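Asker: Okay, here's the structure, questions in a sec.
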Amino acid sequence: MKSVERKGNLLLITFKVSHNEFNTVLSLVKTLEGRQFDAMNKRWTAIATQANIDILLGNGFTFTDAIVHESIPVQEAPRKEINHALLPDKIRDYQIRGVEFLEAVDGNGIIGDSPRLGKSLQALSYCMQHPEYSKILIVCPSNVKIVWEREISKWMKEDAVVLYGKTSYDLSMINERFFVVNYDIFFGWKDEIKRKQFDVMIIDELHYLGNVKRYDADAKVKVPVKRTQAFTELSKVIPHKILLSGTAIKAAPVQFFTALNALAPTVFPDEWKFKMRFCAPKHTRWGWTFDGLSHADELIPKIAPYMIRRRKEDVFTDLPVKQRIVVSFAKDDSEDREQEIQEKIAWIKDFLDTGEKLVVFAWHREICERIYEEFKKKAVLVYGGIDNKKKSDRQDAFQKDNKIRLFVGQVISANVGIDLSVADTVAFVEMPFNPGDAEQAEERVFMPGDGKQRVTIYYLVGKESPEEKIAEILENKNQIVGRVLDNRKADKLFK
């Protein structure tokens, strides 16, 4: 029994729990603001702040009176008039709306459109509105640098300076307008970037900044994630920050704080308070966890002024219908693992016998290589570590060569910055761990307005396997992400 009674500006807290649970509950209560132990009545008291109430509600305490939260209306993303004469010819109406949003927020906002809706064009179009911005930095995954270089050449008719190496060099004498750097070397360049005094920073694939700290196994402590640290420092000195991602958070809203704090530090000033309010805090014997979503009705209106998000079905009437199908294989244990892999390879072979093109994703490189070896005369392979030129060539071969009918990609290396729209079928032979990774990979076969009527995604899953459990986790995470980003119950991943 864990109960709370409100009396004036105090919370009267009583709990009777098992011996094993007692220390965890006691530690939780001791985190409350203004807590005191009332020895006479054998209970704890704390100040009746909203934060204290949220903590107790989120950890299984029952209030004797109803807790009522007022619903805050969600406002549309703001808009401001722009100079249409400065826009590119082929920009779509919804993309113009995105540029109007960026103008309204003075170039400090999130474009959270679904993958393949032209977020980079919207960011560049905002820069077209402001020729006075002479130094523009783009931060992106390494495998997308070549894509940005091409986009800048196509739309801006300018050359970009692509930065390489973890050791920086003097940029003061370079007069180009656009600079592109990847996350892996971002930290090493941050001081030189500061000295260059950029006007605009465009962050592509924002979810790369979702983690603030990582665990250092050697030091046995959590240490700052360097790319996130670099972004946080630079966001304080670069006046305009455009953040792009079709999956701005991959699993939980705790990953959103870094971006929101950079855009609106007065609205989102305190990470701890953000996590305690909006990230379903749970106190365990090992400390606090923040793996969920709480007070969505309050968080979503707070985010709305700083983000615009459109899904494909919102902006295109002729978009493909996405269908997901789970295909089960042999029980996944040490004896049957090889059988399962063979069955999946046989499934791929049967599909290719239809003459259609297929995109296959796996999580582990060795699985990708195993599949590629089976079909290498009619397949291309993309995995972590492959250079951007080879990646681009293999994409082009799949897109243009009728003899190449299978694309095999490692999820974390081939799920962004790549166009596989010649195909309309995707198969996952291993489950990714986040719905964001799954969606990004799936969207490689979409090309807005290409006239497809249906796209099918197969998830090839071993029976009674860890992948079945991962599928359940994916579904739960998908619901959380959909609630935060789209303010609605997400469509089920696996129907």
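Ordering of the structure tokens sets the chain letters (A, B, ...), residue numbers begin anew at 1 in every chain, and ligands are numbered from 1 in the order given.
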So that I can check the surroundings of Gly287 in chain A, please list as a VMD selection string every protein, DNA and RNA residue that reaches within 10 Å of it, counting only C-alpha atoms and ignoring chain neighbours fewer than 3 positions away.

Answerer: chain A and resid 24 27 to 28 282 to 284

Asker: Quick one: residues within 12 Å of Arg195 in chain A, only C-alpha atoms counted, chain neighbours fewer than 6 positions away excluded, as a list in words?

Answerer: Lys135, Ser168, Tyr169, Asp170, Leu171, Ser172, Met173, Trp189, Leu234, Val237 and Ile238 of chain A

Asker: Leu406 in chain A: which residues within 12 Å, counting only C-alpha atoms, same-chain residues fewer than 5 positions away excluded, as number ranges by chain?

Answerer: A: 348-349, 351-353, 355-361, 368, 371-382, 394-395, 397-399, 401, 420, 422-427

Asker: Can you write out the residues you just picked, keeping C-alpha atoms, as a compact mmCIF listing (two decimals), in the first residue's frame?

Answerer:
```txt
# COMPACT_ATOMS: atom_id res chain seq x y z
CA ILE A 348 14.99 -14.33 -50.56
CA LYS A 349 15.74 -16.68 -53.46
CA PHE A 351 11.28 -13.73 -54.03
CA LEU A 352 14.04 -12.93 -56.54
CA ASP A 353 12.67 -15.68 -58.78
CA GLY A 355 11.99 -11.02 -61.28
CA GLU A 356 11.32 -8.12 -58.88
CA LYS A 357 13.94 -6.09 -57.00
CA LEU A 358 14.31 -6.52 -53.25
CA VAL A 359 15.96 -4.52 -50.44
CA VAL A 360 17.23 -6.63 -47.53
CA PHE A 361 18.36 -5.19 -44.18
CA CYS A 368 24.81 -9.07 -44.54
CA ILE A 371 23.43 -13.13 -47.72
CA TYR A 372 25.51 -11.20 -50.24
CA GLU A 373 27.74 -14.21 -50.85
CA GLU A 374 24.69 -16.27 -51.77
CA PHE A 375 23.54 -13.76 -54.42
CA LYS A 376 26.63 -11.70 -55.30
CA LYS A 377 26.20 -12.01 -59.08
CA LYS A 378 22.94 -10.05 -58.83
CA ALA A 379 23.43 -8.11 -55.57
CA VAL A 380 25.21 -5.13 -54.04
CA LEU A 381 26.29 -4.80 -50.40
CA VAL A 382 26.51 -1.74 -48.11
CA ARG A 394 26.31 0.55 -55.37
CA GLN A 395 23.14 2.54 -54.86
CA ALA A 397 23.89 0.07 -59.67
CA PHE A 398 20.81 -1.14 -57.82
CA GLN A 399 18.72 1.73 -59.12
CA ASP A 401 21.15 -1.92 -63.60
CA LEU A 420 16.40 2.67 -53.27
CA VAL A 422 13.33 1.42 -57.74
CA ALA A 423 12.15 -1.34 -55.39
CA ASP A 424 8.80 -1.60 -53.63
CA THR A 425 9.62 -4.46 -51.26
CA VAL A 426 11.84 -4.52 -48.16
CA ALA A 427 12.78 -7.50 -45.98
```

Asker: Run DSSP on the backbone and tell me which residues of range 300-391 of chain A come out as strand (DSSP E or B); list them as a list in words.

Answerer: Met307, Ile308, Val321, Lys322, Gln323, Arg324, Ile325, Val326, Val327, Ser328, Phe329, Leu358, Val359, Val360, Phe361, Ala362, Ala379, Val380, Leu381 and Val382 of chain A

Asker: Quote the spacing between CA of Asp297 in chain A and CA of Arg309 in chain A in Å to one decimal place.

Answerer: 17.2 Å

Asker: Calculated over only C-alpha atoms, which of the candidates A:Ala262, A:Pro141, A:Thr45, A:Arg177 has the smallest distance to Met156 in chain A?

Answerer: A:Arg177

Asker: Extract, using only C-alpha atoms, all DNA, RNA and protein residues at most 12 Å from Asp159 in chain A, discarding same-chain residues fewer than 6 positions from it, and format them as a PDB file with N, CA and C atoms, in the first residue's frame.

Answerer:
```
ATOM      1  N   ILE A 146      28.358  13.202 -48.864  1.00  0.00           N
ATOM      2  CA  ILE A 146      28.335  13.314 -50.320  1.00  0.00           C
ATOM      3  C   ILE A 146      26.958  13.739 -50.817  1.00  0.00           C
ATOM      4  N   TRP A 148      24.851  15.774 -49.168  1.00  0.00           N
ATOM      5  CA  TRP A 148      24.765  17.223 -48.926  1.00  0.00           C
ATOM      6  C   TRP A 148      25.586  17.998 -49.951  1.00  0.00           C
ATOM      7  N   GLU A 149      26.755  17.487 -50.292  1.00  0.00           N
ATOM      8  CA  GLU A 149      27.581  18.151 -51.296  1.00  0.00           C
ATOM      9  C   GLU A 149      26.821  18.266 -52.614  1.00  0.00           C
ATOM     10  N   ARG A 150      26.128  17.194 -52.992  1.00  0.00           N
ATOM     11  CA  ARG A 150      25.352  17.208 -54.231  1.00  0.00           C
ATOM     12  C   ARG A 150      24.155  18.148 -54.134  1.00  0.00           C
ATOM     13  N   GLU A 151      23.463  18.134 -52.975  1.00  0.00           N
ATOM     14  CA  GLU A 151      22.288  18.995 -52.797  1.00  0.00           C
ATOM     15  C   GLU A 151      22.665  20.476 -52.859  1.00  0.00           C
ATOM     16  N   ILE A 152      23.785  20.826 -52.260  1.00  0.00           N
ATOM     17  CA  ILE A 152      24.238  22.225 -52.279  1.00  0.00           C
ATOM     18  C   ILE A 152      24.575  22.640 -53.707  1.00  0.00           C
ATOM     19  N   SER A 153      25.237  21.750 -54.440  1.00  0.00           N
ATOM     20  CA  SER A 153      25.564  22.056 -55.830  1.00  0.00           C
ATOM     21  C   SER A 153      24.297  22.182 -56.675  1.00  0.00           C
ATOM     22  N   ILE A 174      39.328  30.377 -45.990  1.00  0.00           N
ATOM     23  CA  ILE A 174      38.416  29.712 -46.924  1.00  0.00           C
ATOM     24  C   ILE A 174      37.116  30.512 -46.983  1.00  0.00           C
ATOM     25  N   ASN A 175      36.730  30.906 -48.186  1.00  0.00           N
ATOM     26  CA  ASN A 175      35.616  31.839 -48.332  1.00  0.00           C
ATOM     27  C   ASN A 175      34.312  31.204 -48.802  1.00  0.00           C
ATOM     28  N   GLU A 176      34.301  29.887 -49.021  1.00  0.00           N
ATOM     29  CA  GLU A 176      33.044  29.248 -49.413  1.00  0.00           C
ATOM     30  C   GLU A 176      31.989  29.436 -48.325  1.00  0.00           C
ATOM     31  N   ARG A 177      30.743  29.345 -48.747  1.00  0.00           N
ATOM     32  CA  ARG A 177      29.632  29.604 -47.824  1.00  0.00           C
ATOM     33  C   ARG A 177      29.260  28.378 -46.998  1.00  0.00           C
ATOM     34  N   PHE A 178      29.352  27.185 -47.595  1.00  0.00           N
ATOM     35  CA  PHE A 178      28.879  25.958 -46.952  1.00  0.00           C
ATOM     36  C   PHE A 178      30.049  25.065 -46.539  1.00  0.00           C
ATOM     37  N   PHE A 179      29.945  24.549 -45.312  1.00  0.00           N
ATOM     38  CA  PHE A 179      30.918  23.603 -44.781  1.00  0.00           C
ATOM     39  C   PHE A 179      30.158  22.378 -44.274  1.00  0.00           C
ATOM     40  N   VAL A 180      30.673  21.200 -44.552  1.00  0.00           N
ATOM     41  CA  VAL A 180      30.023  19.958 -44.147  1.00  0.00           C
ATOM     42  C   VAL A 180      30.981  19.155 -43.282  1.00  0.00           C
TER      43      VAL A 180
END
```

Asker: Which neighbours of range 41-44 of chain A fall inside 12 Å, counting only C-alpha atoms, when residues of the same chain fewer than 3 positions from it are skipped, and could you give them as a ChimeraX atom specification?

Answerer: /A:2-5,10-16,25-26,28-38,47

Asker: Could you write out the selected residues, including C-alpha atoms, as an mmCIF file, in the first residue's frame?

Answerer:
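Dumped everything to out36.cif:
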```cif
data_model
loop_
_atom_site.group_PDB
_atom_site.id
_atom_site.type_symbol
_atom_site.label_atom_id
_atom_site.label_comp_id
_atom_site.auth_asym_id
_atom_site.auth_seq_id
_atom_site.Cartn_x
_atom_site.Cartn_y
_atom_site.Cartn_z
ATOM 1 C CA LYS A 2 1.355 3.400 -1.049
ATOM 2 C CA SER A 3 -1.000 6.323 -0.508
ATOM 3 C CA VAL A 4 -0.908 10.118 -0.471
ATOM 4 C CA GLU A 5 -3.332 12.604 1.068
ATOM 5 C CA LEU A 10 1.460 19.441 2.097
ATOM 6 C CA LEU A 11 1.453 15.861 0.910
ATOM 7 C CA LEU A 12 0.924 13.242 3.642
ATOM 8 C CA ILE A 13 2.706 10.089 2.493
ATOM 9 C CA THR A 14 2.142 6.600 3.890
ATOM 10 C CA PHE A 15 3.509 3.306 2.624
ATOM 11 C CA LYS A 16 3.551 -0.296 3.767
ATOM 12 C CA VAL A 25 10.499 3.346 -1.789
ATOM 13 C CA LEU A 26 12.257 5.131 1.072
ATOM 14 C CA LEU A 28 12.309 7.658 -3.623
ATOM 15 C CA VAL A 29 10.517 9.599 -0.895
ATOM 16 C CA LYS A 30 13.814 11.136 0.214
ATOM 17 C CA THR A 31 14.190 12.723 -3.236
ATOM 18 C CA LEU A 32 11.022 14.807 -2.747
ATOM 19 C CA GLU A 33 11.293 18.530 -2.206
ATOM 20 C CA GLY A 34 10.733 19.546 1.435
ATOM 21 C CA ARG A 35 10.313 15.984 2.688
ATOM 22 C CA GLN A 36 10.248 15.392 6.441
ATOM 23 C CA PHE A 37 9.445 12.372 8.576
ATOM 24 C CA ASP A 38 6.504 12.830 10.960
ATOM 25 C CA ILE A 47 5.560 20.090 -0.242
#
```

Asker: Residues within 9 Å of Leu460 in chain A, please, as an mmCIF file with N, CA and C atoms, in the first residue's frame. Count only C-alpha atoms; anything in the same chain fewer than 4 positions from it doesn't count.

Answerer:
```
data_model
loop_
_atom_site.group_PDB
_atom_site.id
_atom_site.type_symbol
_atom_site.label_atom_id
_atom_site.label_comp_id
_atom_site.auth_asym_id
_atom_site.auth_seq_id
_atom_site.Cartn_x
_atom_site.Cartn_y
_atom_site.Cartn_z
ATOM 1 N N ILE A 325 4.417 -7.226 -42.989
ATOM 2 C CA ILE A 325 4.053 -8.632 -42.835
ATOM 3 C C ILE A 325 5.159 -9.341 -42.065
ATOM 4 N N VAL A 326 4.786 -10.079 -41.024
ATOM 5 C CA VAL A 326 5.746 -10.863 -40.260
ATOM 6 C C VAL A 326 5.754 -12.289 -40.796
ATOM 7 N N VAL A 327 6.945 -12.778 -41.158
ATOM 8 C CA VAL A 327 7.117 -14.151 -41.649
ATOM 9 C C VAL A 327 7.936 -14.906 -40.616
ATOM 10 N N SER A 328 7.383 -15.978 -40.062
ATOM 11 C CA SER A 328 8.057 -16.732 -39.006
ATOM 12 C C SER A 328 8.850 -17.889 -39.577
ATOM 13 N N PHE A 329 9.989 -18.154 -38.910
ATOM 14 C CA PHE A 329 10.862 -19.250 -39.326
ATOM 15 C C PHE A 329 11.143 -20.169 -38.147
ATOM 16 N N LYS A 344 15.717 -18.263 -44.378
ATOM 17 C CA LYS A 344 15.598 -16.870 -44.796
ATOM 18 C C LYS A 344 16.244 -16.654 -46.162
ATOM 19 N N ALA A 427 12.807 -6.383 -46.927
ATOM 20 C CA ALA A 427 12.778 -7.502 -45.983
ATOM 21 C C ALA A 427 13.848 -7.290 -44.922
ATOM 22 N N PHE A 428 13.457 -7.396 -43.659
ATOM 23 C CA PHE A 428 14.393 -7.358 -42.540
ATOM 24 C C PHE A 428 14.667 -8.806 -42.110
ATOM 25 N N VAL A 429 15.908 -9.232 -42.224
ATOM 26 C CA VAL A 429 16.242 -10.580 -41.760
ATOM 27 C C VAL A 429 16.660 -10.573 -40.289
ATOM 28 N N GLU A 430 16.940 -9.377 -39.750
ATOM 29 C CA GLU A 430 17.164 -9.196 -38.312
ATOM 30 C C GLU A 430 16.444 -7.941 -37.880
ATOM 31 N N MET A 431 15.923 -7.953 -36.668
ATOM 32 C CA MET A 431 15.173 -6.814 -36.152
ATOM 33 C C MET A 431 16.106 -5.693 -35.701
#
```

Asker: From a DSSP calculation on the backbone, collect every residue of range 12-169 of chain A in helix (DSSP H, G or I) and output the set as a PyMOL selection string.

Answerer: chain A and resi 19-29+50-58+84-86+93-104+119-128+142-156
